[in-house]
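Dropping entry34.pdb in here (PDB, C-alpha atoms, pLDDT in the B column):
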```pdb
ATOM      1  CA  MET U   1     -26.416  71.207 -76.646  1.00 41.00           C
ATOM      2  CA  LYS U   2     -27.310  68.338 -78.962  1.00 47.00           C
ATOM      3  CA  GLU U   3     -27.633  64.925 -77.320  1.00 50.00           C
ATOM      4  CA  MET U   4     -25.157  62.347 -78.596  1.00 51.00           C
ATOM      5  CA  GLU U   5     -26.554  59.120 -79.981  1.00 58.00           C
ATOM      6  CA  TYR U   6     -24.959  55.867 -78.924  1.00 59.00           C
ATOM      7  CA  THR U   7     -25.167  52.443 -80.496  1.00 67.00           C
ATOM      8  CA  ALA U   8     -24.046  49.156 -79.017  1.00 70.00           C
ATOM      9  CA  PRO U   9     -20.665  47.979 -80.326  1.00 77.00           C
ATOM     10  CA  SER U  10     -20.633  44.963 -82.614  1.00 77.00           C
ATOM     11  CA  ARG U  11     -18.924  41.717 -81.592  1.00 76.00           C
ATOM     12  CA  ALA U  12     -16.077  42.576 -84.021  1.00 82.00           C
ATOM     13  CA  GLU U  13     -15.626  46.019 -82.414  1.00 75.00           C
ATOM     14  CA  ILE U  14     -15.556  44.472 -78.937  1.00 75.00           C
ATOM     15  CA  ASN U  15     -13.002  41.877 -80.077  1.00 74.00           C
ATOM     16  CA  ASP U  16     -10.837  44.696 -81.519  1.00 75.00           C
ATOM     17  CA  ARG U  17     -11.035  46.633 -78.244  1.00 74.00           C
ATOM     18  CA  VAL U  18      -9.948  43.538 -76.315  1.00 75.00           C
ATOM     19  CA  ARG U  19      -7.143  42.716 -78.777  1.00 77.00           C
ATOM     20  CA  LEU U  20      -5.799  46.288 -78.665  1.00 74.00           C
ATOM     21  CA  GLY U  21      -6.081  46.565 -74.870  1.00 72.00           C
ATOM     22  CA  LEU U  22      -8.662  49.368 -75.075  1.00 67.00           C
ATOM     23  CA  ASP U  23     -11.218  47.521 -72.940  1.00 74.00           C
ATOM     24  CA  ARG U  24      -9.674  47.925 -69.455  1.00 72.00           C
ATOM     25  CA  ARG U  25     -12.424  50.291 -68.302  1.00 75.00           C
ATOM     26  CA  ASP U  26     -15.297  48.829 -70.319  1.00 80.00           C
ATOM     27  CA  GLU U  27     -18.113  47.228 -68.370  1.00 80.00           C
ATOM     28  CA  LEU U  28     -20.740  44.531 -68.815  1.00 80.00           C
ATOM     29  CA  TRP U  29     -24.140  45.333 -67.320  1.00 85.00           C
ATOM     30  CA  GLU U  30     -26.224  42.164 -67.144  1.00 85.00           C
ATOM     31  CA  GLY U  31     -24.828  41.065 -70.506  1.00 83.00           C
ATOM     32  CA  VAL U  32     -24.951  44.523 -72.163  1.00 84.00           C
ATOM     33  CA  TYR U  33     -21.522  45.834 -73.159  1.00 81.00           C
ATOM     34  CA  HIS U  34     -20.740  49.443 -72.095  1.00 81.00           C
ATOM     35  CA  VAL U  35     -17.808  51.198 -73.755  1.00 79.00           C
ATOM     36  CA  VAL U  36     -16.355  53.670 -71.251  1.00 78.00           C
ATOM     37  CA  PRO U  37     -14.548  56.566 -72.953  1.00 76.00           C
ATOM     38  CA  VAL U  38     -11.285  57.975 -71.655  1.00 78.00           C
ATOM     39  CA  PRO U  39     -12.096  60.494 -68.904  1.00 84.00           C
ATOM     40  CA  ASN U  40     -11.251  64.167 -69.406  1.00 86.00           C
ATOM     41  CA  GLY U  41      -8.286  65.851 -67.724  1.00 88.00           C
ATOM     42  CA  GLU U  42     -10.166  67.265 -64.733  1.00 91.00           C
ATOM     43  CA  HIS U  43     -11.780  63.880 -64.070  1.00 91.00           C
ATOM     44  CA  GLN U  44      -8.388  62.142 -64.180  1.00 93.00           C
ATOM     45  CA  PHE U  45      -6.732  64.774 -61.987  1.00 94.00           C
ATOM     46  CA  VAL U  46      -9.326  64.463 -59.203  1.00 95.00           C
ATOM     47  CA  ALA U  47      -9.491  60.643 -59.306  1.00 95.00           C
ATOM     48  CA  THR U  48      -5.707  60.181 -59.344  1.00 95.00           C
ATOM     49  CA  ARG U  49      -4.864  62.819 -56.741  1.00 95.00           C
ATOM     50  CA  LEU U  50      -7.480  61.491 -54.347  1.00 96.00           C
ATOM     51  CA  ALA U  51      -6.406  57.859 -54.807  1.00 96.00           C
ATOM     52  CA  LYS U  52      -2.705  58.603 -54.311  1.00 95.00           C
ATOM     53  CA  MET U  53      -3.342  60.534 -51.113  1.00 94.00           C
ATOM     54  CA  LEU U  54      -5.677  57.936 -49.623  1.00 95.00           C
ATOM     55  CA  ASP U  55      -3.498  55.008 -50.700  1.00 94.00           C
ATOM     56  CA  ALA U  56      -0.402  56.579 -49.102  1.00 93.00           C
ATOM     57  CA  GLN U  57      -2.263  56.828 -45.786  1.00 91.00           C
ATOM     58  CA  ALA U  58      -3.669  53.280 -46.090  1.00 91.00           C
ATOM     59  CA  VAL U  59      -0.228  51.794 -46.758  1.00 89.00           C
ATOM     60  CA  ARG U  60       1.441  53.881 -44.034  1.00 89.00           C
ATOM     61  CA  ARG U  61      -1.177  52.790 -41.474  1.00 88.00           C
ATOM     62  CA  ARG U  62      -1.307  49.195 -42.778  1.00 89.00           C
ATOM     63  CA  LEU U  63      -5.025  49.529 -43.439  1.00 90.00           C
ATOM     64  CA  GLY U  64      -4.996  48.044 -46.930  1.00 91.00           C
ATOM     65  CA  GLU U  65      -4.491  49.469 -50.413  1.00 92.00           C
ATOM     66  CA  ILE U  66      -6.124  51.184 -53.368  1.00 95.00           C
ATOM     67  CA  ARG U  67      -5.863  49.921 -56.941  1.00 93.00           C
ATOM     68  CA  TRP U  68      -6.871  51.433 -60.284  1.00 89.00           C
ATOM     69  CA  GLU U  69      -8.366  49.570 -63.243  1.00 83.00           C
ATOM     70  CA  GLN U  70      -9.636  46.744 -61.063  1.00 90.00           C
ATOM     71  CA  GLY U  71     -13.214  45.578 -61.375  1.00 93.00           C
ATOM     72  CA  ILE U  72     -16.025  44.133 -59.331  1.00 94.00           C
ATOM     73  CA  LYS U  73     -17.721  41.128 -60.911  1.00 92.00           C
ATOM     74  CA  ASP U  74     -20.906  39.324 -59.945  1.00 91.00           C
ATOM     75  CA  GLN U  75     -19.583  35.757 -59.968  1.00 83.00           C
ATOM     76  CA  SER U  76     -23.130  34.362 -59.802  1.00 85.00           C
ATOM     77  CA  ARG U  77     -23.820  35.719 -63.303  1.00 81.00           C
ATOM     78  CA  LEU U  78     -20.983  33.854 -65.022  1.00 74.00           C
ATOM     79  CA  GLY U  79     -18.924  36.964 -65.704  1.00 73.00           C
ATOM     80  CA  ARG U  80     -21.780  38.723 -67.520  1.00 84.00           C
ATOM     81  CA  ASP U  81     -22.110  41.544 -64.958  1.00 91.00           C
ATOM     82  CA  TYR U  82     -19.193  43.725 -63.857  1.00 89.00           C
ATOM     83  CA  ARG U  83     -18.221  47.361 -63.232  1.00 94.00           C
ATOM     84  CA  VAL U  84     -14.864  49.134 -63.220  1.00 94.00           C
ATOM     85  CA  PRO U  85     -14.837  52.134 -60.836  1.00 96.00           C
ATOM     86  CA  GLU U  86     -12.071  54.763 -60.741  1.00 95.00           C
ATOM     87  CA  TRP U  87     -10.437  52.838 -57.935  1.00 96.00           C
ATOM     88  CA  ILE U  88     -11.168  50.240 -55.264  1.00 96.00           C
ATOM     89  CA  PHE U  89     -10.020  50.092 -51.651  1.00 96.00           C
ATOM     90  CA  LEU U  90      -9.555  46.767 -49.846  1.00 94.00           C
ATOM     91  CA  ARG U  91      -8.709  46.456 -46.175  1.00 88.00           C
ATOM     92  CA  ARG U  92      -6.479  43.655 -44.960  1.00 69.00           C
ATOM     93  CA  ARG U  93      -9.083  40.945 -44.452  1.00 70.00           C
ATOM     94  CA  ALA U  94     -11.080  38.307 -46.380  1.00 62.00           C
ATOM     95  CA  ALA U  95     -11.452  40.130 -49.731  1.00 73.00           C
ATOM     96  CA  ARG U  96      -8.453  40.008 -52.046  1.00 83.00           C
ATOM     97  CA  TRP U  97      -7.274  41.125 -55.460  1.00 85.00           C
ATOM     98  CA  GLY U  98      -8.022  38.424 -58.015  1.00 84.00           C
ATOM     99  CA  GLU U  99      -5.551  37.382 -60.684  1.00 82.00           C
ATOM    100  CA  ASP U 100      -8.121  38.243 -63.377  1.00 84.00           C
ATOM    101  CA  GLY U 101      -8.316  41.922 -62.328  1.00 84.00           C
ATOM    102  CA  TYR U 102     -11.512  41.567 -60.282  1.00 88.00           C
ATOM    103  CA  VAL U 103     -11.940  41.717 -56.518  1.00 90.00           C
ATOM    104  CA  GLU U 104     -12.678  38.417 -54.823  1.00 86.00           C
ATOM    105  CA  GLY U 105     -15.023  39.130 -51.923  1.00 85.00           C
ATOM    106  CA  GLU U 106     -16.646  42.363 -50.774  1.00 91.00           C
ATOM    107  CA  ALA U 107     -14.760  45.615 -51.382  1.00 94.00           C
ATOM    108  CA  ASP U 108     -14.518  48.146 -48.564  1.00 96.00           C
ATOM    109  CA  ALA U 109     -14.860  51.227 -50.769  1.00 97.00           C
ATOM    110  CA  VAL U 110     -15.066  52.266 -54.404  1.00 97.00           C
ATOM    111  CA  CYS U 111     -14.778  55.706 -55.952  1.00 98.00           C
ATOM    112  CA  GLU U 112     -16.657  56.921 -59.002  1.00 97.00           C
ATOM    113  CA  VAL U 113     -15.926  60.313 -60.560  1.00 96.00           C
ATOM    114  CA  LEU U 114     -18.731  61.765 -62.653  1.00 95.00           C
ATOM    115  CA  SER U 115     -18.311  62.545 -66.343  1.00 90.00           C
ATOM    116  CA  PRO U 116     -20.861  64.362 -68.526  1.00 86.00           C
ATOM    117  CA  HIS U 117     -23.650  62.007 -69.636  1.00 82.00           C
ATOM    118  CA  ASP U 118     -22.270  58.983 -67.778  1.00 87.00           C
ATOM    119  CA  ASP U 119     -24.198  56.282 -65.909  1.00 90.00           C
ATOM    120  CA  THR U 120     -22.478  56.526 -62.515  1.00 93.00           C
ATOM    121  CA  TRP U 121     -25.700  56.857 -60.537  1.00 96.00           C
ATOM    122  CA  LYS U 122     -27.105  53.732 -62.208  1.00 95.00           C
ATOM    123  CA  LYS U 123     -24.224  51.706 -60.716  1.00 96.00           C
ATOM    124  CA  LYS U 124     -25.384  52.148 -57.116  1.00 97.00           C
ATOM    125  CA  PRO U 125     -27.711  49.094 -57.053  1.00 97.00           C
ATOM    126  CA  PHE U 126     -24.912  46.897 -58.428  1.00 97.00           C
ATOM    127  CA  TYR U 127     -22.455  48.019 -55.734  1.00 97.00           C
ATOM    128  CA  GLU U 128     -25.142  47.504 -53.073  1.00 97.00           C
ATOM    129  CA  ARG U 129     -25.802  43.978 -54.346  1.00 95.00           C
ATOM    130  CA  MET U 130     -22.077  43.221 -54.347  1.00 95.00           C
ATOM    131  CA  GLY U 131     -21.742  44.313 -50.707  1.00 95.00           C
ATOM    132  CA  VAL U 132     -19.391  47.268 -51.323  1.00 96.00           C
ATOM    133  CA  LYS U 133     -19.360  48.952 -47.926  1.00 97.00           C
ATOM    134  CA  GLU U 134     -18.840  52.533 -49.102  1.00 98.00           C
ATOM    135  CA  LEU U 135     -19.396  54.344 -52.390  1.00 98.00           C
ATOM    136  CA  LEU U 136     -17.651  57.690 -52.824  1.00 98.00           C
ATOM    137  CA  VAL U 137     -18.922  59.789 -55.750  1.00 98.00           C
ATOM    138  CA  VAL U 138     -17.171  62.999 -56.800  1.00 97.00           C
ATOM    139  CA  ASP U 139     -18.297  65.606 -59.311  1.00 96.00           C
ATOM    140  CA  PRO U 140     -14.968  67.064 -60.500  1.00 95.00           C
ATOM    141  CA  LYS U 141     -16.211  70.431 -61.789  1.00 92.00           C
ATOM    142  CA  PRO U 142     -17.842  71.803 -58.621  1.00 95.00           C
ATOM    143  CA  ARG U 143     -15.780  69.359 -56.490  1.00 96.00           C
ATOM    144  CA  ARG U 144     -18.981  68.069 -54.896  1.00 96.00           C
ATOM    145  CA  VAL U 145     -18.755  64.818 -52.958  1.00 97.00           C
ATOM    146  CA  TRP U 146     -21.310  62.206 -51.870  1.00 97.00           C
ATOM    147  CA  LEU U 147     -20.568  59.294 -49.557  1.00 98.00           C
ATOM    148  CA  PHE U 148     -22.932  56.319 -49.345  1.00 98.00           C
ATOM    149  CA  GLN U 149     -22.556  53.661 -46.664  1.00 98.00           C
ATOM    150  CA  LEU U 150     -24.084  50.187 -46.767  1.00 97.00           C
ATOM    151  CA  VAL U 151     -26.659  49.688 -44.006  1.00 97.00           C
ATOM    152  CA  ASP U 152     -28.697  46.462 -44.024  1.00 96.00           C
ATOM    153  CA  GLY U 153     -27.884  45.896 -47.707  1.00 95.00           C
ATOM    154  CA  ARG U 154     -28.912  49.398 -48.884  1.00 97.00           C
ATOM    155  CA  TYR U 155     -26.933  52.594 -49.380  1.00 98.00           C
ATOM    156  CA  VAL U 156     -27.603  55.461 -47.028  1.00 98.00           C
ATOM    157  CA  GLU U 157     -26.046  58.852 -47.719  1.00 98.00           C
ATOM    158  CA  ALA U 158     -23.600  59.693 -44.927  1.00 97.00           C
ATOM    159  CA  PRO U 159     -24.843  62.705 -42.974  1.00 95.00           C
ATOM    160  CA  PRO U 160     -22.396  65.607 -42.856  1.00 95.00           C
ATOM    161  CA  LYS U 161     -21.023  66.773 -39.512  1.00 94.00           C
ATOM    162  CA  ARG U 162     -20.036  70.432 -39.679  1.00 92.00           C
ATOM    163  CA  GLY U 163     -20.001  70.048 -43.459  1.00 93.00           C
ATOM    164  CA  TRP U 164     -17.716  66.977 -43.500  1.00 96.00           C
ATOM    165  CA  VAL U 165     -18.667  63.430 -44.509  1.00 97.00           C
ATOM    166  CA  THR U 166     -16.439  60.755 -42.993  1.00 96.00           C
ATOM    167  CA  SER U 167     -15.424  57.421 -44.484  1.00 96.00           C
ATOM    168  CA  ALA U 168     -14.942  54.735 -41.845  1.00 95.00           C
ATOM    169  CA  ALA U 169     -13.137  52.518 -44.375  1.00 94.00           C
ATOM    170  CA  LEU U 170     -10.725  55.136 -45.731  1.00 95.00           C
ATOM    171  CA  LYS U 171     -10.204  56.947 -42.401  1.00 94.00           C
ATOM    172  CA  ALA U 172     -10.735  60.298 -44.110  1.00 96.00           C
ATOM    173  CA  SER U 173     -13.280  63.121 -44.239  1.00 96.00           C
ATOM    174  CA  PHE U 174     -14.406  65.095 -47.297  1.00 97.00           C
ATOM    175  CA  ARG U 175     -16.213  68.337 -48.075  1.00 96.00           C
ATOM    176  CA  THR U 176     -16.556  70.922 -50.807  1.00 95.00           C
ATOM    177  CA  GLY U 177     -14.772  74.210 -50.201  1.00 94.00           C
ATOM    178  CA  ARG U 178     -12.845  76.885 -52.046  1.00 92.00           C
ATOM    179  CA  ARG U 179      -9.178  77.432 -52.839  1.00 91.00           C
ATOM    180  CA  LYS U 180      -7.847  80.481 -54.672  1.00 90.00           C
ATOM    181  CA  GLY U 181     -11.412  81.488 -55.529  1.00 91.00           C
ATOM    182  CA  LYS U 182     -12.251  78.147 -57.171  1.00 93.00           C
ATOM    183  CA  PRO U 183     -14.190  75.097 -55.938  1.00 94.00           C
ATOM    184  CA  ALA U 184     -11.985  72.561 -54.165  1.00 95.00           C
ATOM    185  CA  LEU U 185     -12.450  69.093 -52.720  1.00 96.00           C
ATOM    186  CA  LEU U 186     -11.150  69.307 -49.152  1.00 96.00           C
ATOM    187  CA  VAL U 187      -9.736  66.123 -47.635  1.00 96.00           C
ATOM    188  CA  ARG U 188      -8.793  65.588 -44.002  1.00 95.00           C
ATOM    189  CA  LEU U 189      -6.934  62.380 -43.184  1.00 92.00           C
ATOM    190  CA  ASP U 190      -7.431  60.943 -39.696  1.00 83.00           C
ATOM    191  CA  LEU U 191      -3.778  61.144 -38.721  1.00 69.00           C
ATOM    192  CA  GLU U 192      -3.178  64.592 -40.214  1.00 73.00           C
ATOM    193  CA  LYS U 193      -4.064  67.934 -38.667  1.00 72.00           C
ATOM    194  CA  HIS U 194      -4.091  69.848 -41.926  1.00 78.00           C
ATOM    195  CA  VAL U 195      -6.582  69.792 -44.786  1.00 89.00           C
ATOM    196  CA  VAL U 196      -5.525  69.079 -48.373  1.00 90.00           C
ATOM    197  CA  ALA U 197      -7.358  70.802 -51.229  1.00 92.00           C
ATOM    198  CA  ILE U 198      -7.796  69.052 -54.578  1.00 92.00           C
TER     199      ILE U 198
END
```
Would you write out, as C-alpha cells, the structure that this file holds?
Amino acid sequence: MKEMEYTAPSRAEINDRVRLGLDRRDELWEGVYHVVPVPNGEHQFVATRLAKMLDAQAVRRRLGEIRWEQGIKDQSRLGRDYRVPEWIFLRRRAARWGEDGYVEGEADAVCEVLSPHDDTWKKKPFYERMGVKELLVVDPKPRRVWLFQLVDGRYVEAPPKRGWVTSAALKASFRTGRRKGKPALLVRLDLEKHVVAI
C-alpha cells in the first residue's frame, strides 16, 4: 500500500475550516496544526457505543459524565497545545467543562480509538503532562483495548486480571473476546452482572 503524503494546511485553509465548522476535532501540537479526518464507520461505532454505555452508568450512579468533541488544552502554552480525544470523562469534583470546549482541570479519563496511520500513540506524553488519570485506547478492527493509568506522573499499562483490565474512574472492565465468530470488545460494568459485546 502506498504511503499517503501530508502537507501542513495553509493559514487560509485553517481559517476556512474554522469558518465552516470543520475544525471541531482538529488539534494543535505545540503550535503545529493537525487536521483530523472524519473517522470511518467502525471507528465511530465503537467510540459512540462505548461512550453511551459508560455515560449512562456514570449518570445513573452520579459519578460524573462523558462528553464528545471536548478538548484538553495546556493553558501554560497560551492555547498553542491541545488534543481532542474521542470523548472525555469527568467525575464530580474540581475539574469542570469549560465554556470554550476545553476541560478546566485534570480529566479523569479519555478515550482514543485508533485509525489507520493516526498519531494516537504520540498523544500519551501530552495526556500524562496534563494529569489525565486514565487513557483508554481501542483498536476497532480487532477490538483490542489498552488501559493506561497515571502513577507518579507516568502512564503504566493496567495489568489484566483473568483477561480483564479495570478502569477505576469509569467503574468498568474491558477485554477482547468474540461474538458470532468475530472479534468483540467485551465490557462489564460494575453494577451489572452481564457482559456487553461491542
Legend entry - Option closest in space to Lys124 of chain U, from U:Arg60, U:Pro85, U:Gly98, U:Leu90 [counting only C-alpha atoms]: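 Closest to Lys124 of chain U of all the choices is U:Pro85.
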Using the file's own x, y and z axes, what box holds all listed atoms of segment 68-81 of chain U with 8 Å on each side, keeping edges along x, y and z, and what are its centre and edge lengths in Å to one decimal, as AutoDock Vina command-line options?
```
--center_x -15.3 --center_y 42.6 --center_z -63.4 --size_x 32.9 --size_y 33.6 --size_z 24.2
```
Inset, instruction - Rank nothing, just name the residue among U:Leu78, U:Ala107, U:Val36, U:Val84 nearest to Glu65 of chain U, using all atoms listed in the file. - result: U:Ala107
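Comparing the minimum interatomic distances between Val145 of chain U and each of U:Leu20, U:Ala12, U:Leu186, U:Val38, counting only C-alpha atoms, we find that U:Leu186 sits nearest.
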Inset, instruction - Have a look at U:Gly101, U:Asp118, U:Asn15, U:Val151 and name the one nearest to Pro37 of chain U; count only C-alpha atoms. - result: U:Asp118
Applying the PyMOL selection byres ((chain U and resi 133) around 6) to the file I just gave you, which residues come out? Please list them as an mmCIF file with C-alpha atoms, in the frame of the given file.
```cif
data_model
loop_
_atom_site.group_PDB
_atom_site.id
_atom_site.type_symbol
_atom_site.label_atom_id
_atom_site.label_comp_id
_atom_site.auth_asym_id
_atom_site.auth_seq_id
_atom_site.Cartn_x
_atom_site.Cartn_y
_atom_site.Cartn_z
ATOM 1 C CA ASP U 108 -14.518 48.146 -48.564
ATOM 2 C CA ALA U 109 -14.860 51.227 -50.769
ATOM 3 C CA GLY U 131 -21.742 44.313 -50.707
ATOM 4 C CA VAL U 132 -19.391 47.268 -51.323
ATOM 5 C CA GLU U 134 -18.840 52.533 -49.102
ATOM 6 C CA GLN U 149 -22.556 53.661 -46.664
ATOM 7 C CA LEU U 150 -24.084 50.187 -46.767
#
```
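Computed from the coordinates, the atom CA of Arg77 of chain U to atom CA of Phe126 of chain U distance equals 12.2 Å.
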Inset, instruction - With a distance cut-off of 10 Å and all atoms listed in the file, select the neighbouring residues of Gln75 of chain U, excluding the residue or stretch itself and same-chain residues fewer than 5 positions from it, and output the selection as a PyMOL selection string. - result: chain U and resi 80-82+102+104-105+130
Inset, instruction - Could you tell me which of U:Ile88, U:Leu147, U:Leu50, U:Val35 comes closest to Arg188 of chain U if we count only C-alpha atoms? - result: U:Leu50
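Note that the spacing between atom CA of Ala184 of chain U and atom CA of Val113 of chain U amounts to 14.4 Å.
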